[in-house]
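upload-v7.cif, holding mmCIF, C-alpha atoms and all ligand atoms:
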data_run
loop_
_atom_site.label_atom_id
_atom_site.label_comp_id
_atom_site.auth_asym_id
_atom_site.auth_seq_id
_atom_site.Cartn_x
_atom_site.Cartn_y
_atom_site.Cartn_z
CA MET I 1 67.71 64.49 123.43
CA LYS I 2 69.83 66.79 121.31
CA PRO I 3 70.68 65.53 117.82
CA VAL I 4 74.03 63.77 117.57
CA GLY I 5 76.36 64.73 114.75
CA LEU I 6 76.43 67.76 112.55
CA ILE I 7 74.13 66.50 109.78
CA ALA I 8 71.32 66.10 112.30
CA ARG I 9 72.12 69.50 113.78
CA TRP I 10 72.34 71.45 110.51
CA LYS I 11 70.28 69.36 108.08
CA ASP I 12 68.28 72.37 106.91
CA ARG I 13 71.48 73.89 105.59
CA LEU I 14 72.98 70.70 104.10
CA PRO I 15 72.22 68.75 100.89
CA VAL I 16 70.58 65.75 102.58
CA THR I 17 67.11 64.24 102.37
CA ALA I 18 65.18 61.78 104.50
CA LYS I 19 66.65 59.07 102.24
CA THR I 20 70.29 59.92 102.94
CA PRO I 21 71.84 57.17 105.07
CA ILE I 22 73.61 59.25 107.69
CA VAL I 23 77.06 58.02 108.64
CA THR I 24 78.08 59.82 111.81
CA LEU I 25 80.49 59.54 114.72
CA GLY I 26 79.02 62.48 116.62
CA GLU I 27 81.32 65.03 114.95
CA GLY I 28 81.07 68.82 115.33
CA ASN I 29 80.00 70.86 118.35
CA THR I 30 83.66 71.35 119.29
CA PRO I 31 84.65 73.76 122.08
CA LEU I 32 85.44 77.41 121.47
CA VAL I 33 87.77 78.46 124.29
CA ARG I 34 89.23 81.80 125.26
CA ALA I 35 92.97 82.24 124.89
CA ASP I 36 93.77 85.18 127.11
CA ARG I 37 97.50 84.48 127.21
CA VAL I 38 97.65 84.63 123.43
CA ALA I 39 95.51 87.79 123.52
CA GLN I 40 97.85 89.39 126.04
CA ALA I 41 100.92 88.43 124.02
CA VAL I 42 99.55 90.12 120.90
CA GLY I 43 98.15 93.20 122.63
CA LEU I 44 94.44 92.32 122.49
CA PRO I 45 92.12 92.60 125.52
CA PRO I 46 90.97 89.51 127.47
CA GLY I 47 88.42 87.70 125.33
CA GLY I 48 90.06 89.06 122.19
CA VAL I 49 91.24 85.64 121.01
CA HIS I 50 89.31 82.37 120.93
CA LEU I 51 90.44 78.93 119.81
CA LYS I 52 88.11 76.53 118.00
CA LEU I 53 89.30 73.10 119.08
CA GLU I 54 88.69 71.01 115.99
CA GLY I 55 91.11 68.38 117.25
CA LEU I 56 88.27 67.24 119.50
CA ASN I 57 86.33 65.79 116.60
CA PRO I 58 86.01 61.96 116.63
CA THR I 59 89.18 61.24 114.61
CA GLY I 60 91.05 64.24 115.98
CA SER I 61 90.68 66.71 113.13
CA PHE I 62 88.22 68.99 111.32
CA LYS I 63 88.09 66.54 108.43
CA ASP I 64 85.25 64.68 110.17
CA ARG I 65 82.91 67.59 109.43
CA GLY I 66 83.33 67.06 105.72
CA MET I 67 83.66 63.31 105.90
CA THR I 68 80.33 62.61 107.60
CA LEU I 69 78.61 64.25 104.63
CA ALA I 70 80.92 62.95 101.88
CA VAL I 71 80.65 59.34 103.06
CA SER I 72 76.90 59.57 103.68
CA LYS I 73 76.40 60.88 100.14
CA ALA I 74 78.76 58.28 98.66
CA LYS I 75 76.67 55.62 100.32
CA GLU I 76 73.43 57.21 99.15
CA GLN I 77 74.75 57.26 95.59
CA GLY I 78 75.64 53.58 95.73
CA ALA I 79 79.45 53.76 95.97
CA THR I 80 81.20 50.65 97.20
CA GLY I 81 84.36 52.46 98.22
CA VAL I 82 85.93 55.82 98.95
CA LEU I 83 89.30 57.04 97.89
CA CYS I 84 91.57 59.96 98.77
CA ALA I 85 95.07 61.35 98.78
CA SER I 86 96.16 62.76 102.09
CA THR I 87 98.84 64.33 104.22
CA GLY I 88 97.27 62.20 106.98
CA ASN I 89 94.12 63.58 108.51
CA THR I 90 91.83 63.11 105.54
CA SER I 91 92.92 59.48 105.29
CA ALA I 92 92.33 58.89 109.01
CA SER I 93 88.86 60.40 108.79
CA ALA I 94 87.94 58.68 105.51
CA ALA I 95 89.09 55.35 106.94
CA ALA I 96 86.98 55.72 110.08
CA TYR I 97 83.79 56.83 108.32
CA ALA I 98 84.22 54.19 105.60
CA ALA I 99 84.63 51.51 108.27
CA ARG I 100 81.41 52.68 109.87
CA ALA I 101 79.61 52.76 106.52
CA GLY I 102 80.91 49.34 105.47
CA LEU I 103 82.72 50.75 102.43
CA ARG I 104 86.20 50.06 101.11
CA CYS I 105 88.70 52.86 101.68
CA VAL I 106 91.85 53.36 99.61
CA VAL I 107 94.30 56.11 100.62
CA PHE I 108 97.28 57.53 98.71
CA LEU I 109 99.90 58.92 101.10
CA PRO I 110 103.19 60.74 100.49
CA ALA I 111 105.72 58.16 101.70
CA GLY I 112 107.49 59.06 104.92
CA LYS I 113 105.65 62.37 105.34
CA VAL I 114 102.57 61.35 107.32
CA ALA I 115 102.63 61.81 111.11
CA ALA I 116 102.61 58.58 113.13
CA GLY I 117 99.21 59.02 114.80
CA LYS I 118 97.46 59.61 111.49
CA LEU I 119 99.01 56.57 109.83
CA SER I 120 98.05 54.38 112.78
CA GLN I 121 94.43 55.49 112.40
CA ALA I 122 94.34 54.51 108.71
CA VAL I 123 95.87 51.16 109.64
CA MET I 124 93.44 50.41 112.46
CA HIS I 125 90.35 51.45 110.51
CA GLY I 126 91.35 49.02 107.79
CA ALA I 127 92.19 51.40 104.96
CA GLU I 128 94.06 50.01 101.96
CA ILE I 129 97.20 52.12 102.03
CA VAL I 130 99.22 53.12 98.97
CA GLU I 131 102.46 54.97 99.73
CA VAL I 132 103.53 57.28 96.93
CA THR I 133 107.19 58.19 96.64
CA GLY I 134 106.40 61.81 95.93
CA ASN I 135 104.50 64.66 97.53
CA PHE I 136 100.80 65.20 98.30
CA ASP I 137 100.11 66.96 95.00
CA GLN I 138 101.39 63.94 93.07
CA ALA I 139 99.43 61.55 95.29
CA LEU I 140 96.28 63.59 94.65
CA ALA I 141 96.72 63.36 90.88
CA MET I 142 96.92 59.56 91.29
CA ALA I 143 93.83 59.45 93.52
CA MET I 144 91.87 61.52 91.00
CA GLU I 145 92.84 59.13 88.23
CA ALA I 146 91.97 56.07 90.35
CA ALA I 147 88.59 57.59 91.26
CA LYS I 148 87.46 57.22 87.65
CA LYS I 149 86.96 53.55 88.45
CA LYS I 150 83.28 52.72 88.87
CA GLY I 151 82.00 52.45 92.41
CA PHE I 152 84.52 54.76 94.04
CA ALA I 153 83.85 58.23 95.40
CA LEU I 154 86.75 60.67 95.78
CA VAL I 155 86.51 62.22 99.25
CA ASN I 156 89.20 64.89 98.98
CA SER I 157 88.04 68.47 99.42
CA SER I 158 87.41 68.74 95.67
CA ASN I 159 84.27 66.78 96.62
CA PRO I 160 81.64 69.52 97.18
CA PHE I 161 80.04 67.58 100.07
CA ARG I 162 83.30 67.96 102.03
CA ILE I 163 83.00 71.75 101.73
CA GLU I 164 79.32 71.64 102.70
CA GLY I 165 80.07 69.69 105.86
CA GLN I 166 83.03 71.85 106.85
CA LYS I 167 81.10 75.11 106.48
CA THR I 168 79.23 74.16 109.67
CA GLY I 169 82.29 75.21 111.65
CA ALA I 170 81.41 78.83 110.82
CA PHE I 171 77.81 78.33 112.03
CA GLU I 172 79.08 76.97 115.34
CA ILE I 173 81.55 79.78 115.92
CA VAL I 174 78.84 82.41 115.45
CA GLU I 175 76.51 80.50 117.75
CA GLN I 176 79.16 80.00 120.45
CA LEU I 177 80.49 83.55 120.33
CA GLY I 178 76.99 85.04 120.15
CA ARG I 179 78.19 86.99 117.12
CA ALA I 180 80.59 86.67 114.21
CA PRO I 181 84.28 87.15 114.96
CA ASP I 182 85.85 90.22 113.40
CA ASN I 183 88.82 88.23 112.22
CA HIS I 184 89.03 84.54 111.38
CA PHE I 185 92.46 82.85 111.42
CA MET I 186 93.16 79.39 110.00
CA PRO I 187 95.88 77.26 108.38
CA VAL I 188 95.74 76.75 104.61
CA GLY I 189 96.96 73.68 102.73
CA ASN I 190 94.79 72.38 99.94
CA ALA I 191 92.54 75.39 100.69
CA GLY I 192 89.26 73.52 101.08
CA ASN I 193 88.68 74.60 104.66
CA ILE I 194 89.08 78.34 104.08
CA THR I 195 86.69 77.93 101.14
CA ALA I 196 84.22 76.12 103.42
CA TYR I 197 84.34 78.61 106.32
CA TRP I 198 83.90 81.57 104.00
CA LYS I 199 80.91 79.85 102.37
CA GLY I 200 79.45 79.14 105.81
CA TYR I 201 79.84 82.71 107.03
CA LYS I 202 78.33 84.11 103.84
CA GLU I 203 75.33 81.79 104.07
CA ILE I 204 74.40 83.29 107.42
CA GLY I 205 75.16 86.83 106.36
CA ARG I 206 78.42 87.27 108.25
CA ALA I 207 81.74 88.50 106.95
CA PRO I 208 84.76 88.29 109.23
CA ARG I 209 88.10 89.12 107.62
CA MET I 210 89.63 85.80 106.58
CA PHE I 211 93.31 85.37 107.47
CA GLY I 212 94.84 82.20 106.02
CA TRP I 213 98.32 80.99 106.94
CA GLN I 214 100.64 78.79 104.93
CA ALA I 215 104.03 77.38 105.89
CA ALA I 216 106.84 79.43 104.36
CA GLY I 217 108.24 76.40 102.52
CA ALA I 218 104.80 75.52 101.14
CA ALA I 219 103.23 78.89 100.38
CA PRO I 220 101.95 78.83 96.79
CA LEU I 221 99.06 81.18 97.52
CA VAL I 222 101.43 83.78 98.95
CA LEU I 223 103.98 83.41 96.16
CA GLY I 224 101.33 83.34 93.44
CA HIS I 225 102.64 80.18 91.81
CA PRO I 226 102.75 76.45 92.61
CA VAL I 227 105.66 75.15 94.70
CA LYS I 228 107.28 72.06 93.16
CA ASN I 229 108.94 70.68 96.24
CA PRO I 230 107.03 71.93 99.31
CA GLN I 231 108.76 71.54 102.67
CA THR I 232 107.63 72.17 106.24
CA VAL I 233 107.57 70.62 109.69
CA ALA I 234 103.79 71.07 109.51
CA THR I 235 103.31 68.01 107.29
CA ALA I 236 99.51 68.44 107.21
CA ILE I 237 99.93 71.54 105.03
CA ARG I 238 102.92 70.39 102.99
CA ILE I 239 101.10 71.15 99.73
CA GLY I 240 102.45 72.95 96.68
CA ASN I 241 99.44 73.29 94.39
CA PRO I 242 96.13 73.65 96.28
CA VAL I 243 93.01 72.38 94.54
CA SER I 244 90.82 75.18 95.93
CA TRP I 245 93.26 77.93 94.92
CA LYS I 246 90.73 80.29 93.36
CA THR I 247 88.10 80.05 96.09
CA ALA I 248 90.77 80.68 98.76
CA ILE I 249 91.85 83.86 96.98
CA ASP I 250 88.17 84.84 96.66
CA ALA I 251 87.69 84.33 100.43
CA ARG I 252 90.69 86.56 101.08
CA ASP I 253 89.64 89.29 98.67
CA GLU I 254 85.89 89.33 99.33
CA SER I 255 86.49 89.50 103.09
CA GLY I 256 89.32 92.03 102.97
CA GLY I 257 91.64 89.50 104.61
CA GLU I 258 95.12 88.19 103.95
CA ILE I 259 96.94 84.99 103.16
CA GLY I 260 100.39 85.05 104.73
CA LYS I 261 103.22 82.68 105.49
CA VAL I 262 104.98 81.66 108.68
CA THR I 263 108.32 79.90 109.05
CA ASP I 264 108.74 76.51 110.70
CA ALA I 265 110.43 78.26 113.64
CA GLU I 266 107.40 80.54 114.04
CA ILE I 267 105.01 77.56 113.77
CA LEU I 268 106.93 75.60 116.41
CA ALA I 269 107.07 78.59 118.77
CA ALA I 270 103.28 79.00 118.56
CA TYR I 271 102.80 75.21 118.92
CA ARG I 272 104.80 75.29 122.13
CA PHE I 273 103.14 78.48 123.42
CA LEU I 274 99.65 76.99 123.04
CA ALA I 275 100.63 73.83 124.88
CA HIS I 276 102.69 75.55 127.61
CA GLU I 277 100.62 78.67 128.21
CA GLU I 278 97.08 77.73 127.22
CA GLY I 279 96.99 74.00 127.96
CA VAL I 280 95.95 73.35 124.37
CA PHE I 281 97.84 70.69 122.44
CA CYS I 282 97.36 70.93 118.69
CA GLU I 283 99.38 69.60 115.81
CA PRO I 284 102.02 71.85 114.18
CA ALA I 285 99.89 72.88 111.16
CA SER I 286 97.13 73.98 113.53
CA ALA I 287 99.51 76.38 115.27
CA ALA I 288 100.13 78.24 111.99
CA PRO I 289 97.26 80.73 112.49
CA VAL I 290 98.47 81.56 116.00
CA ALA I 291 101.99 81.95 114.59
CA GLY I 292 100.42 84.32 112.08
CA LEU I 293 98.81 86.35 114.84
CA PHE I 294 102.18 86.58 116.63
CA LYS I 295 103.80 87.63 113.36
CA LEU I 296 101.27 90.41 112.84
CA ALA I 297 101.83 91.52 116.45
CA LYS I 298 105.57 91.82 115.82
CA ALA I 299 104.83 94.04 112.84
CA GLY I 300 102.33 96.12 114.86
CA ARG I 301 99.53 94.98 112.54
CA VAL I 302 97.16 92.96 114.74
CA PRO I 303 93.65 93.64 113.43
CA LYS I 304 91.25 95.17 115.95
CA GLY I 305 88.35 93.16 117.33
CA VAL I 306 87.75 89.55 118.26
CA ALA I 307 89.84 86.89 116.51
CA VAL I 308 88.98 83.20 116.29
CA CYS I 309 91.80 80.78 115.43
CA VAL I 310 90.75 77.36 114.14
CA LEU I 311 93.05 74.69 115.59
CA THR I 312 92.44 72.02 112.98
CA GLY I 313 94.03 68.89 114.46
CA HIS I 314 94.98 67.36 117.80
CA GLY I 315 98.57 67.34 119.07
CA LEU I 316 98.49 63.59 119.64
CA LYS I 317 98.38 63.13 115.88
CA ASP I 318 102.05 63.93 115.60
CA PRO I 319 104.05 62.60 118.56
CA GLY I 320 107.27 62.80 116.52
CA THR I 321 107.38 66.60 116.60
CA THR I 322 107.12 66.67 120.41
CA GLU I 323 110.53 65.00 120.63
CA ARG I 324 112.10 68.36 119.82
CA PHE I 325 110.78 69.71 123.12
CA ARG I 326 111.55 66.78 125.41
CA PRO I 327 113.00 68.08 128.68
CA LYS I 328 115.61 66.30 130.77
CA ILE I 329 113.65 63.47 132.33
CA ARG I 330 114.81 62.12 135.68
CA ARG I 331 114.75 58.39 136.31
CA VAL I 332 114.69 57.17 139.89
CA LYS I 333 114.30 53.84 141.61
CA ALA I 334 110.76 53.18 142.86
CA GLY I 335 110.50 54.65 146.34
CA GLY I 336 113.64 56.76 145.80
CA ALA I 337 113.93 60.40 146.89
CA VAL I 338 112.88 63.06 144.36
CA ARG I 339 113.93 66.65 145.05
CA LEU I 340 111.41 69.23 143.89
N1 LIG W 401 95.26 71.63 109.32
C1 LIG W 401 95.33 70.29 109.33
C2 LIG W 401 95.57 69.62 110.64
C3 LIG W 401 95.18 69.54 108.15
O1 LIG W 401 95.24 68.23 108.19
C4 LIG W 401 94.97 70.24 106.93
C5 LIG W 401 94.82 69.52 105.67
C6 LIG W 401 94.89 71.64 106.98
C7 LIG W 401 95.03 72.29 108.18
C8 LIG W 401 94.64 72.44 105.76
O2 LIG W 401 93.33 72.37 105.34
O3 LIG W 401 93.73 71.55 103.05
O4 LIG W 401 91.52 72.47 103.71
O5 LIG W 401 93.50 73.97 103.47
N2 LIG W 401 95.00 68.28 105.55
C9 LIG W 401 94.71 67.51 104.32
C10 LIG W 401 94.85 66.02 104.58
C11 LIG W 401 95.40 68.00 103.11
O6 LIG W 401 95.13 65.27 103.64
O7 LIG W 401 94.67 65.59 105.72
P1 LIG W 401 92.98 72.61 103.80
#
Serialized structure, structure tokens:
Amino acid sequence: MKPVGLIARWKDRLPVTAKTPIVTLGEGNTPLVRADRVAQAVGLPPGGVHLKLEGLNPTGSFKDRGMTLAVSKAKEQGATGVLCASTGNTSASAAAYAARAGLRCVVFLPAGKVAAGKLSQAVMHGAEIVEVTGNFDQALAMAMEAAKKKGFALVNSSNPFRIEGQKTGAFEIVEQLGRAPDNHFMPVGNAGNITAYWKGYKEIGRAPRMFGWQAAGAAPLVLGHPVKNPQTVATAIRIGNPVSWKTAIDARDESGGEIGKVTDAEILAAYRFLAHEEGVFCEPASAAPVAGLFKLAKAGRVPKGVAVCVLTGHGLKDPGTTERFRPKIRRVKAGGAVRL
């Protein structure tokens, strides 16, 4: 039988030993699917755009790649609990893996800014939830302070094991595509994931151009300074002062890529396009890289070659945003006539 979970699959490339108690939910090995309608819309040939469906991980986001390793290592090192700040997905993933490991999980969330699906995951996995009346950056400062308490491991992406786990996404893309993409597109929030992918590509001697996309109202890396009051419909990336700032800029510069910004309107248009035209339902933040590709197409600047867009989280995470697209729904009596 094939190994289950990404630690088993990639253990030679990860900091684990035979003694590491592996906490897994069978994460990784997510589909890479062609997006020929997107390719056509941006003037690339069929097969020119692929989507990496990270929303198909066990808790519905890419965070599981980092969390399997971070929680396994926390357990190995004798922690009794894990702790994080989160715009939602990290807390959902931490809560699930902690539940499986038998560890406490405390999550600091920006009050009122976490999508409904993500919050319900933290609730059901038994996380101890602290709502912070402030933004993610402020919640993270509190989590970092709280993590000084003995027995707790911080499982935000400042934890190097998170980055190690997430770099496996790059290994999979190269394996699935049969080669490295020429251009790699992804959303950027706290900037851990772009750091992780770039590390992963470099470790296997590949170097796609890295294109990171921030929301226009939360675009510190584009502006070159922190944003005090970040705002965007893509709540997952509503972050004003990314922890992995420097390594994200390094990924951009070493790869000859770009970090750009897309407006909420552009994000929502791409979000709808993916669902309507490709049958792929991702959360708003995950549509940012596709919005970026559309934006480059408008400017006549689509880079040549094969592009992979990482769709980081599932659409079901954020049912609230779908309300904006609700069509007129007909209601009829059971057995009544319905004209088509
Ligand atoms: N996409 C989604 C769906 C996310 O949840 C996040 C981050 C990102 C992209 C950005 O990744 O931070 O590594 O640059 N979510 C974090 C959280 C902040 O708390 O769930 P990044």
Q. So which one's closest to ligand LIG 401 (chain W), I:Asp318, I:Asp264, I:Asp250, I:Glu283? Using only C-alpha atoms and all ligand atoms, please.
A. I:Glu283
Q. If you count only C-alpha atoms and all ligand atoms, which residues end up within 6 Å of ligand LIG 401 (chain W), as a list of chain:residue names?
A. I:Ser86, I:Thr87, I:Gly88, I:Asn89, I:Thr90, I:Pro187, I:Val188, I:Gly189, I:Asn190, I:Ala191, I:Gly192, I:Asn193, I:Ala236, I:Ile237, I:Ala285, I:Ser286, I:Thr312, I:Gly313
Q. If you measure from atom CA of I:Arg330 to atom CA of I:Glu277, what distance in Å do you get, rounded to one decimal?
A.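 Value for the atom CA of I:Arg330-atom CA of I:Glu277 distance: 23.0 Å.
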Q) Looking at all atoms listed in the file, which of I:Gly200, I:Gly48, I:Gly102, I:Gly257 is the one that sits closest to I:Cys309? A) I:Gly48
Mind running stretch 253-314 of chain I against stretch 321-326 of chain I at 12 Å and telling me each contacting residue's nearest atom pair with the distance in Å (one decimal), counting only C-alpha atoms, chain and number ascending, as a Markdown table?
| residue | atom | partner | partner_atom | distance |
| --- | --- | --- | --- | --- |
| I:Asp264 | CA | I:Thr321 | CA | 11.6 |
| I:Ala265 | CA | I:Arg324 | CA | 11.8 |
| I:Ile267 | CA | I:Thr321 | CA | 11.6 |
| I:Leu268 | CA | I:Thr321 | CA | 9.0 |
| I:Ala269 | CA | I:Phe325 | CA | 10.6 |
| I:Tyr271 | CA | I:Thr322 | CA | 9.7 |
| I:Arg272 | CA | I:Phe325 | CA | 8.2 |
| I:Phe273 | CA | I:Phe325 | CA | 11.6 |
| I:Ala275 | CA | I:Thr322 | CA | 10.6 |
| I:His276 | CA | I:Phe325 | CA | 10.9 |
| I:Phe281 | CA | I:Thr322 | CA | 10.3 |
| I:Cys282 | CA | I:Thr322 | CA | 10.8 |
| I:Glu283 | CA | I:Thr321 | CA | 8.6 |
| I:Pro284 | CA | I:Thr321 | CA | 7.9 |
| I:Ala285 | CA | I:Thr321 | CA | 11.2 |
Q. I:Glu145: which residues within 12 Å, counting all atoms listed in the file, same-chain residues fewer than 6 positions away excluded, as a VMD selection string?
A. chain I and resid 83 to 85 108 138 to 139 152 to 154
Q. Which of these, I:Thr80, I:Thr168, I:Thr235, I:Ser255, has the shortest distance to I:Arg9 once you count all atoms listed in the file?
A.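 Of the candidates, the smallest distance to I:Arg9 is held by I:Thr168.
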(Q) Need the shell around stretch 91-93 of chain I: protein/DNA/RNA residues with any atom at most 8 Å away, counting only C-alpha atoms. Skip same-chain ones fewer than 2 positions apart. Format as a ChimeraX atom specification? (A) /I:59,61,63-64,67,84-89,95-97,107,118-119,121-122,125
**Q.** Atomic distance atom CA of I:Asp182 - atom CA of I:Pro208, expressed in Å with one decimal
**A.**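 Separation of atom CA of I:Asp182 and atom CA of I:Pro208: 4.7 Å.
Nearest residue to I:Ala196 among I:Arg65, I:Arg104, I:Lys167, I:Arg209 is I:Lys167, counting only C-alpha atoms.
When all atoms listed in the file are used to measure the gap to I:Thr247, the shortest distance among I:Ala215, I:Ile163, I:Val302, I:Val4 belongs to I:Ile163.
Straight-line separation from atom CA of I:Gly217 to atom CA of I:Gln231: 4.9 Å.
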Q. Need the neighbours of (107.9, 61.7, 98.4): which residues are at most 6 Å away, counting all atoms listed in the file, as a list in words?
A. Pro110, Ala111, Thr133, Gly134 and Asn135 of chain I
Proximity of stretch 10-72 of chain I to stretch 294-300 of chain I: per-residue shortest pair, 8 Å limit, all atoms listed in the file, as JSON lines:
{"residue": "I:Ala41", "atom": "CA", "partner": "I:Phe294", "partner_atom": "CA", "distance": 7.7}
{"residue": "I:Val42", "atom": "CA", "partner": "I:Ala297", "partner_atom": "CA", "distance": 5.2}
{"residue": "I:Gly43", "atom": "CA", "partner": "I:Ala297", "partner_atom": "CA", "distance": 7.4}
